[in-house]
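model-v6.txt follows (compact mmCIF, C-alpha atoms and all ligand atoms):
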```
# COMPACT_ATOMS: atom_id res chain seq x y z
CA MET A 1 205.73 -25.68 163.30
CA GLU A 2 206.21 -25.35 159.59
CA ARG A 3 206.20 -21.84 158.20
CA LYS A 4 203.33 -21.03 155.85
CA LYS A 5 204.51 -19.72 152.49
CA ILE A 6 203.64 -16.14 151.62
CA VAL A 7 203.52 -14.80 148.08
CA ALA A 8 203.03 -11.05 147.73
CA GLY A 9 202.62 -8.92 144.64
CA ASN A 10 204.20 -5.49 144.64
CA TRP A 11 202.26 -3.46 142.12
CA LYS A 12 204.71 -0.51 142.42
CA MET A 13 203.35 2.63 140.63
CA ASN A 14 200.94 0.79 138.37
CA MET A 15 197.12 0.50 138.09
CA THR A 16 194.49 3.19 138.52
CA PRO A 17 191.56 2.57 140.91
CA ALA A 18 189.40 1.45 137.96
CA LYS A 19 192.11 -0.90 136.65
CA THR A 20 192.59 -2.26 140.18
CA VAL A 21 189.02 -3.53 140.21
CA GLU A 22 189.50 -5.14 136.78
CA LEU A 23 192.82 -6.79 137.66
CA ILE A 24 191.50 -8.18 140.93
CA ALA A 25 188.47 -9.64 139.11
CA THR A 26 190.92 -11.41 136.76
CA LEU A 27 193.33 -12.63 139.46
CA LYS A 28 190.86 -13.58 142.19
CA PRO A 29 189.95 -17.04 140.86
CA LEU A 30 193.60 -17.74 139.96
CA VAL A 31 195.15 -17.17 143.39
CA GLU A 32 192.92 -19.32 145.56
CA SER A 33 195.16 -21.39 147.82
CA ILE A 34 194.95 -22.83 151.27
CA ASP A 35 198.69 -23.47 151.59
CA VAL A 36 199.93 -19.98 150.74
CA ASP A 37 199.20 -16.54 152.19
CA VAL A 38 198.43 -14.22 149.26
CA VAL A 39 198.99 -10.46 149.50
CA PHE A 40 198.50 -7.69 146.95
CA CYS A 41 200.55 -4.60 147.86
CA VAL A 42 198.97 -1.74 145.94
CA PRO A 43 199.43 2.02 145.49
CA ALA A 44 197.80 4.14 148.22
CA ILE A 45 194.96 5.36 146.03
CA ASP A 46 194.07 1.78 145.09
CA ILE A 47 193.84 0.51 148.67
CA VAL A 48 190.15 1.21 149.24
CA PRO A 49 188.93 -0.28 145.93
CA ALA A 50 191.29 -3.26 146.44
CA ILE A 51 189.88 -3.94 149.91
CA THR A 52 186.34 -3.80 148.56
CA ALA A 53 187.16 -6.03 145.60
CA THR A 54 188.85 -8.71 147.74
CA ARG A 55 186.31 -8.86 150.58
CA GLY A 56 185.48 -12.48 151.43
CA THR A 57 188.50 -13.88 149.55
CA ASN A 58 191.87 -15.28 150.69
CA ILE A 59 193.67 -12.14 149.43
CA ALA A 60 195.07 -9.69 151.99
CA ILE A 61 195.89 -6.13 150.98
CA GLY A 62 199.21 -4.45 151.74
CA ALA A 63 200.51 -0.90 151.33
CA GLU A 64 203.79 -0.08 149.59
CA ASN A 65 204.93 2.46 152.17
CA MET A 66 203.84 4.25 155.35
CA TYR A 67 205.05 7.14 157.51
CA PHE A 68 206.31 6.69 161.08
CA GLU A 69 204.31 9.51 162.71
CA GLU A 70 200.74 9.13 163.98
CA SER A 71 199.27 12.19 162.24
CA GLY A 72 199.93 15.86 161.62
CA ALA A 73 201.69 18.21 159.22
CA TYR A 74 203.36 15.69 156.89
CA THR A 75 201.89 16.60 153.52
CA GLY A 76 201.60 13.66 151.18
CA GLU A 77 202.28 10.93 153.75
CA ILE A 78 200.03 8.10 154.93
CA SER A 79 199.73 7.04 158.56
CA PRO A 80 199.46 3.52 159.95
CA GLU A 81 196.07 4.34 161.43
CA MET A 82 194.75 5.24 157.96
CA LEU A 83 195.99 1.90 156.59
CA VAL A 84 194.50 -0.13 159.42
CA ASP A 85 191.16 1.69 159.23
CA ALA A 86 190.98 0.88 155.50
CA GLY A 87 191.58 -2.83 156.22
CA VAL A 88 195.27 -3.12 155.28
CA LYS A 89 197.21 -6.00 156.91
CA TYR A 90 200.75 -5.69 155.49
CA VAL A 91 203.13 -2.88 154.56
CA ILE A 92 206.24 -3.09 152.40
CA LEU A 93 209.03 -1.14 154.09
CA GLY A 94 212.44 -0.25 152.70
CA HIS A 95 212.04 -1.39 149.11
CA SER A 96 215.26 -0.64 147.22
CA GLU A 97 213.36 1.78 144.97
CA ARG A 98 212.34 3.81 148.02
CA ARG A 99 215.87 3.68 149.40
CA GLU A 100 217.34 4.80 146.06
CA TYR A 101 214.85 7.38 144.73
CA PHE A 102 213.41 8.67 148.02
CA HIS A 103 216.55 8.35 150.15
CA GLU A 104 214.99 6.20 152.87
CA THR A 105 217.53 5.26 155.52
CA ASP A 106 217.83 2.31 157.88
CA GLU A 107 217.22 4.72 160.77
CA GLU A 108 213.87 5.83 159.32
CA LEU A 109 213.00 2.22 158.52
CA ASN A 110 213.65 1.28 162.12
CA LYS A 111 211.02 3.85 163.17
CA LYS A 112 208.61 2.62 160.49
CA VAL A 113 208.95 -1.04 161.53
CA LYS A 114 208.25 -0.16 165.19
CA LYS A 115 205.28 2.01 164.23
CA ALA A 116 203.83 -0.68 161.98
CA PHE A 117 203.92 -3.19 164.86
CA GLU A 118 202.33 -0.66 167.25
CA HIS A 119 199.35 -0.76 164.90
CA SER A 120 199.47 -4.53 164.30
CA LEU A 121 200.48 -4.13 160.66
CA THR A 122 202.88 -6.80 159.39
CA PRO A 123 205.97 -5.26 157.78
CA ILE A 124 207.48 -6.84 154.67
CA LEU A 125 210.97 -5.49 155.22
CA CYS A 126 213.16 -5.41 152.11
CA CYS A 127 216.92 -5.75 151.92
CA GLY A 128 219.35 -6.45 149.10
CA GLU A 129 222.73 -5.74 147.57
CA THR A 130 223.80 -4.01 144.36
CA LEU A 131 225.70 -5.88 141.65
CA GLU A 132 228.83 -3.96 142.62
CA GLN A 133 228.54 -5.13 146.24
CA ARG A 134 228.03 -8.73 145.10
CA GLU A 135 231.09 -8.55 142.87
CA MET A 136 233.11 -7.10 145.76
CA GLY A 137 232.14 -10.12 147.88
CA ILE A 138 230.40 -8.09 150.60
CA THR A 139 226.80 -9.28 150.03
CA LEU A 140 226.35 -11.10 153.33
CA ASP A 141 228.03 -8.35 155.38
CA TRP A 142 225.82 -5.72 153.74
CA ILE A 143 222.59 -7.67 154.29
CA ARG A 144 223.46 -8.37 157.92
CA MET A 145 224.13 -4.68 158.46
CA GLN A 146 220.79 -3.70 156.92
CA ILE A 147 218.89 -6.22 159.06
CA LYS A 148 220.69 -5.32 162.27
CA SER A 149 220.25 -1.56 161.79
CA VAL A 150 216.56 -1.75 160.94
CA LEU A 151 215.77 -4.09 163.84
CA VAL A 152 217.42 -2.09 166.64
CA ASP A 153 215.15 -2.36 169.73
CA VAL A 154 212.45 -4.31 167.86
CA PRO A 155 211.37 -7.09 170.27
CA ALA A 156 211.66 -10.79 169.35
CA SER A 157 207.89 -11.26 169.66
CA ASP A 158 207.41 -8.78 166.79
CA VAL A 159 210.27 -10.06 164.65
CA ALA A 160 208.78 -13.56 164.84
CA LYS A 161 205.67 -12.24 163.06
CA MET A 162 207.38 -10.18 160.38
CA VAL A 163 208.27 -10.89 156.77
CA ILE A 164 211.70 -10.12 155.36
CA ALA A 165 212.15 -9.90 151.60
CA TYR A 166 215.60 -10.50 150.16
CA GLU A 167 215.68 -8.66 146.85
CA PRO A 168 219.05 -8.41 145.12
CA ILE A 169 218.90 -5.05 143.34
CA TRP A 170 220.49 -6.48 140.20
CA ALA A 171 217.62 -8.97 139.87
CA ILE A 172 214.76 -6.45 140.18
CA GLY A 173 212.95 -5.81 136.91
CA THR A 174 215.92 -7.08 134.91
CA GLY A 175 214.79 -10.58 133.99
CA VAL A 176 217.99 -11.80 135.68
CA THR A 177 216.93 -13.98 138.61
CA ALA A 178 219.28 -15.02 141.39
CA THR A 179 219.96 -18.74 141.18
CA SER A 180 218.24 -20.77 143.85
CA GLU A 181 221.68 -21.35 145.45
CA GLN A 182 222.42 -17.62 145.58
CA ALA A 183 218.96 -16.81 146.95
CA GLU A 184 219.08 -19.62 149.53
CA GLU A 185 222.55 -18.60 150.69
CA VAL A 186 221.40 -15.09 151.56
CA CYS A 187 218.01 -16.11 153.01
CA LYS A 188 219.83 -18.62 155.24
CA ALA A 189 222.26 -15.91 156.34
CA ILE A 190 219.31 -13.64 157.21
CA ARG A 191 217.81 -16.40 159.37
CA GLU A 192 221.15 -16.98 161.08
CA CYS A 193 221.45 -13.26 161.71
CA ILE A 194 218.01 -13.25 163.39
CA ALA A 195 219.08 -16.25 165.52
CA GLU A 196 222.21 -14.35 166.53
CA ILE A 197 220.37 -11.14 167.50
CA TYR A 198 217.40 -12.93 169.05
CA ASP A 199 217.09 -16.73 169.39
CA GLU A 200 216.41 -19.92 167.42
CA ASP A 201 212.63 -19.80 167.90
CA THR A 202 212.39 -16.28 166.48
CA ALA A 203 214.62 -17.24 163.56
CA LYS A 204 212.46 -20.28 162.86
CA SER A 205 209.22 -18.30 162.74
CA VAL A 206 210.26 -15.24 160.69
CA ARG A 207 209.23 -15.66 157.06
CA ILE A 208 211.82 -14.79 154.41
CA GLN A 209 210.84 -14.13 150.80
CA TYR A 210 212.93 -13.90 147.69
CA GLY A 211 212.18 -11.13 145.18
CA GLY A 212 213.69 -10.20 141.82
CA SER A 213 212.37 -11.41 138.46
CA VAL A 214 210.27 -14.18 140.00
CA ASN A 215 208.08 -15.78 137.33
CA ALA A 216 205.96 -18.86 136.72
CA GLY A 217 209.03 -20.74 135.49
CA ASN A 218 211.36 -20.20 138.46
CA ALA A 219 208.96 -19.91 141.44
CA LYS A 220 208.90 -23.63 142.29
CA GLU A 221 212.67 -24.00 142.39
CA LEU A 222 213.12 -20.83 144.46
CA PHE A 223 210.26 -21.41 146.91
CA SER A 224 211.36 -25.01 147.53
CA GLN A 225 214.60 -23.91 149.17
CA PRO A 226 214.65 -24.60 152.93
CA ASN A 227 215.02 -20.94 153.93
CA ILE A 228 212.82 -19.34 151.26
CA ASP A 229 209.23 -18.97 152.42
CA GLY A 230 207.73 -17.44 149.28
CA GLY A 231 208.27 -14.42 147.10
CA LEU A 232 207.77 -10.72 146.56
CA VAL A 233 206.78 -10.35 142.94
CA GLY A 234 206.85 -7.18 140.83
CA GLY A 235 206.11 -7.35 137.09
CA ALA A 236 204.50 -10.79 137.09
CA SER A 237 202.04 -9.79 139.85
CA LEU A 238 200.12 -7.67 137.33
CA LYS A 239 199.40 -10.63 135.05
CA PRO A 240 197.48 -13.91 135.21
CA GLU A 241 200.95 -15.48 135.59
CA PHE A 242 200.70 -14.46 139.27
CA GLY A 243 198.15 -17.26 139.72
CA LYS A 244 200.79 -19.77 138.58
CA ILE A 245 203.35 -18.30 140.97
CA VAL A 246 200.97 -18.63 143.94
CA ASN A 247 200.20 -22.21 142.85
CA TYR A 248 203.88 -22.94 142.20
CA LYS A 249 203.73 -26.55 143.41
P1 LIG B 1 210.31 -7.81 139.59
O1 LIG B 1 209.58 -9.06 139.98
O2 LIG B 1 209.60 -7.01 138.53
O3 LIG B 1 211.75 -8.08 139.28
O4 LIG B 1 210.30 -6.86 140.88
C1 LIG B 1 210.72 -7.36 142.10
C2 LIG B 1 210.39 -6.39 143.16
O5 LIG B 1 210.96 -5.33 143.25
C3 LIG B 1 209.30 -6.74 144.09
O6 LIG B 1 209.28 -5.87 145.18
```

Encoded form (structure tokens):
Amino acid sequence: MERKKIVAGNWKMNMTPAKTVELIATLKPLVESIDVDVVFCVPAIDIVPAITATRGTNIAIGAENMYFEESGAYTGEISPEMLVDAGVKYVILGHSERREYFHETDEELNKKVKKAFEHSLTPILCCGETLEQREMGITLDWIRMQIKSVLVDVPASDVAKMVIAYEPIWAIGTGVTATSEQAEEVCKAIRECIAEIYDEDTAKSVRIQYGGSVNAGNAKELFSQPNIDGGLVGGASLKPEFGKIVNYK
């Protein structure tokens, strides 16, 4: 079975609740698509207005983070149950900004991925190398290590349903996009890594996105690669341009 493309916006720390309603009103008619799953990953405080504003549309709402405990004394954190109750379907886990500024580790991400699946949330698990690592020639080793560490004891049946986003750190917010060859090489290696840990069927069903300066001009070329199943979009997801990225064909 062919994998359905998935294009997700990562709003990062942008948009107030009031601006969320306005932006969704603008984007809603532009992102209608039957071929592509469309997700808006929004800041925690924008989740409830985003769910309300997208009711009855093809847009699913995702969170940008989540904690791995059920509930309790974890001031400032958000639990999977809270996300599910609000109507959230996806959760970005392990974005490089969270790894860098909030010191998230692969070990914690492993707990978060398992917890997300316990609550039937679909993780969008991020991985990616720095420019220094790329120049050292260790990109594929690094990515394989990230994937293997985060997926320890995660069953194949869950991995088959998840989304993995390859986001080279040097391409995020820089306007420098990976070439389609560079992006395809790593996305292919991720799929091979899943086949190695699990099996061919699991590798064939996992969806792998590319992220890092995706725009209306490069989306078609990137998303047409055999192992790239869509994109995780930052800056351009806050503009009408996102409609062109979803309708990249
Ligand atoms: P940009 O599209 O702004 O480069 O951001 C990519 C990203 O980090 C998406 O998660």

Using all atoms listed in the file, find each protein or nucleic acid residue lying at most 9 Å from ligand LIG 1 (chain B); present the set as a PyMOL selection string. chain A and resi 8-12+92+95-97+126+165+167-177+210-215+231-237

Write out as number ranges by chain each polymer residue whose atoms come within 10 Å of Pro226 (chain A), counting all atoms listed in the file; drop sequence neighbours fewer than 2 positions from it. A: 184, 187-188, 222-224, 228-229

Neighbours of point (216.6, -4.4, 160.3) within 10 Å, using all atoms listed in the file, written as a PyMOL selection string: chain A and resi 94+106-107+109-110+113+125-127+143-154+159+164+194

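Atom to atom, CA of Glu32 (chain A) and CA of Lys204 (chain A) stand 26.1 Å apart.
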
Work out how far CA of Ala50 (chain A) is from CA of Val246 (chain A), in Å to one decimal.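 Spanning CA of Val246 (chain A) to CA of Ala50 (chain A) is a straight-line distance of 18.3 Å.
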
Surrounding residues of Gly230 (chain A) excluding itself and chain neighbours under 4 positions, 6 Å, all atoms listed in the file, as an NGL selection string: :A and (5-7 or 209 or 223)

Using all heavy atoms, give me region 44-56 of chain A from the structure I just pasted, as a compact mmCIF listing (two decimals), in the first residue's frame.
```txt
# COMPACT_ATOMS: atom_id res chain seq x y z
N ALA A 44 0.95 25.05 23.23
CA ALA A 44 -0.04 24.43 24.13
C ALA A 44 -1.26 25.32 24.34
O ALA A 44 -2.40 24.85 24.29
CB ALA A 44 0.62 24.11 25.47
N ILE A 45 -1.03 26.60 24.54
CA ILE A 45 -2.17 27.49 24.84
C ILE A 45 -3.08 27.70 23.64
O ILE A 45 -4.22 28.14 23.78
CB ILE A 45 -1.66 28.83 25.41
CG1 ILE A 45 -2.81 29.56 26.12
CG2 ILE A 45 -0.99 29.70 24.33
CD1 ILE A 45 -2.37 30.61 27.09
N ASP A 46 -2.59 27.38 22.46
CA ASP A 46 -3.39 27.55 21.24
C ASP A 46 -4.15 26.28 20.85
O ASP A 46 -4.91 26.29 19.87
CB ASP A 46 -2.49 27.97 20.07
CG ASP A 46 -1.79 29.30 20.33
OD1 ASP A 46 -2.34 30.12 21.09
OD2 ASP A 46 -0.69 29.50 19.78
N ILE A 47 -3.93 25.19 21.59
CA ILE A 47 -4.52 23.92 21.18
C ILE A 47 -6.06 23.99 21.18
O ILE A 47 -6.69 23.62 20.18
CB ILE A 47 -4.01 22.76 22.08
CG1 ILE A 47 -2.56 22.42 21.71
CG2 ILE A 47 -4.91 21.52 21.94
CD1 ILE A 47 -1.89 21.42 22.64
N VAL A 48 -6.64 24.47 22.27
CA VAL A 48 -8.10 24.46 22.35
C VAL A 48 -8.73 25.36 21.27
O VAL A 48 -9.60 24.89 20.52
CB VAL A 48 -8.59 24.77 23.78
CG1 VAL A 48 -10.10 24.98 23.82
CG2 VAL A 48 -8.17 23.62 24.72
N PRO A 49 -8.28 26.62 21.10
CA PRO A 49 -8.85 27.39 20.00
C PRO A 49 -8.58 26.78 18.62
O PRO A 49 -9.43 26.87 17.73
CB PRO A 49 -8.20 28.78 20.13
CG PRO A 49 -7.13 28.65 21.13
CD PRO A 49 -7.41 27.44 21.96
N ALA A 50 -7.44 26.13 18.45
CA ALA A 50 -7.14 25.51 17.15
C ALA A 50 -8.08 24.34 16.88
O ALA A 50 -8.55 24.15 15.75
CB ALA A 50 -5.68 25.05 17.10
N ILE A 51 -8.36 23.55 17.90
CA ILE A 51 -9.29 22.42 17.72
C ILE A 51 -10.67 22.95 17.33
O ILE A 51 -11.31 22.43 16.40
CB ILE A 51 -9.39 21.59 19.03
CG1 ILE A 51 -8.06 20.95 19.39
CG2 ILE A 51 -10.55 20.58 18.96
CD1 ILE A 51 -7.73 19.66 18.72
N THR A 52 -11.11 23.98 18.03
CA THR A 52 -12.43 24.55 17.74
C THR A 52 -12.47 25.10 16.31
O THR A 52 -13.42 24.86 15.56
CB THR A 52 -12.75 25.69 18.75
OG1 THR A 52 -12.56 25.15 20.06
CG2 THR A 52 -14.16 26.20 18.60
N ALA A 53 -11.41 25.81 15.94
CA ALA A 53 -11.40 26.47 14.62
C ALA A 53 -11.26 25.48 13.46
O ALA A 53 -11.52 25.85 12.31
CB ALA A 53 -10.28 27.50 14.58
N THR A 54 -10.80 24.27 13.72
CA THR A 54 -10.60 23.31 12.62
C THR A 54 -11.66 22.20 12.62
O THR A 54 -11.57 21.27 11.80
CB THR A 54 -9.20 22.64 12.71
OG1 THR A 54 -9.05 22.07 14.01
CG2 THR A 54 -8.09 23.64 12.45
N ARG A 55 -12.62 22.28 13.52
CA ARG A 55 -13.65 21.23 13.58
C ARG A 55 -14.33 21.09 12.21
O ARG A 55 -14.65 22.09 11.57
CB ARG A 55 -14.67 21.60 14.68
CG ARG A 55 -15.45 20.42 15.17
CD ARG A 55 -15.99 20.61 16.58
NE ARG A 55 -14.99 20.35 17.62
CZ ARG A 55 -14.93 21.02 18.77
NH1 ARG A 55 -15.76 22.01 19.03
NH2 ARG A 55 -14.01 20.71 19.68
N GLY A 56 -14.49 19.84 11.78
CA GLY A 56 -15.18 19.61 10.50
C GLY A 56 -14.31 19.82 9.27
O GLY A 56 -14.81 19.78 8.15
```
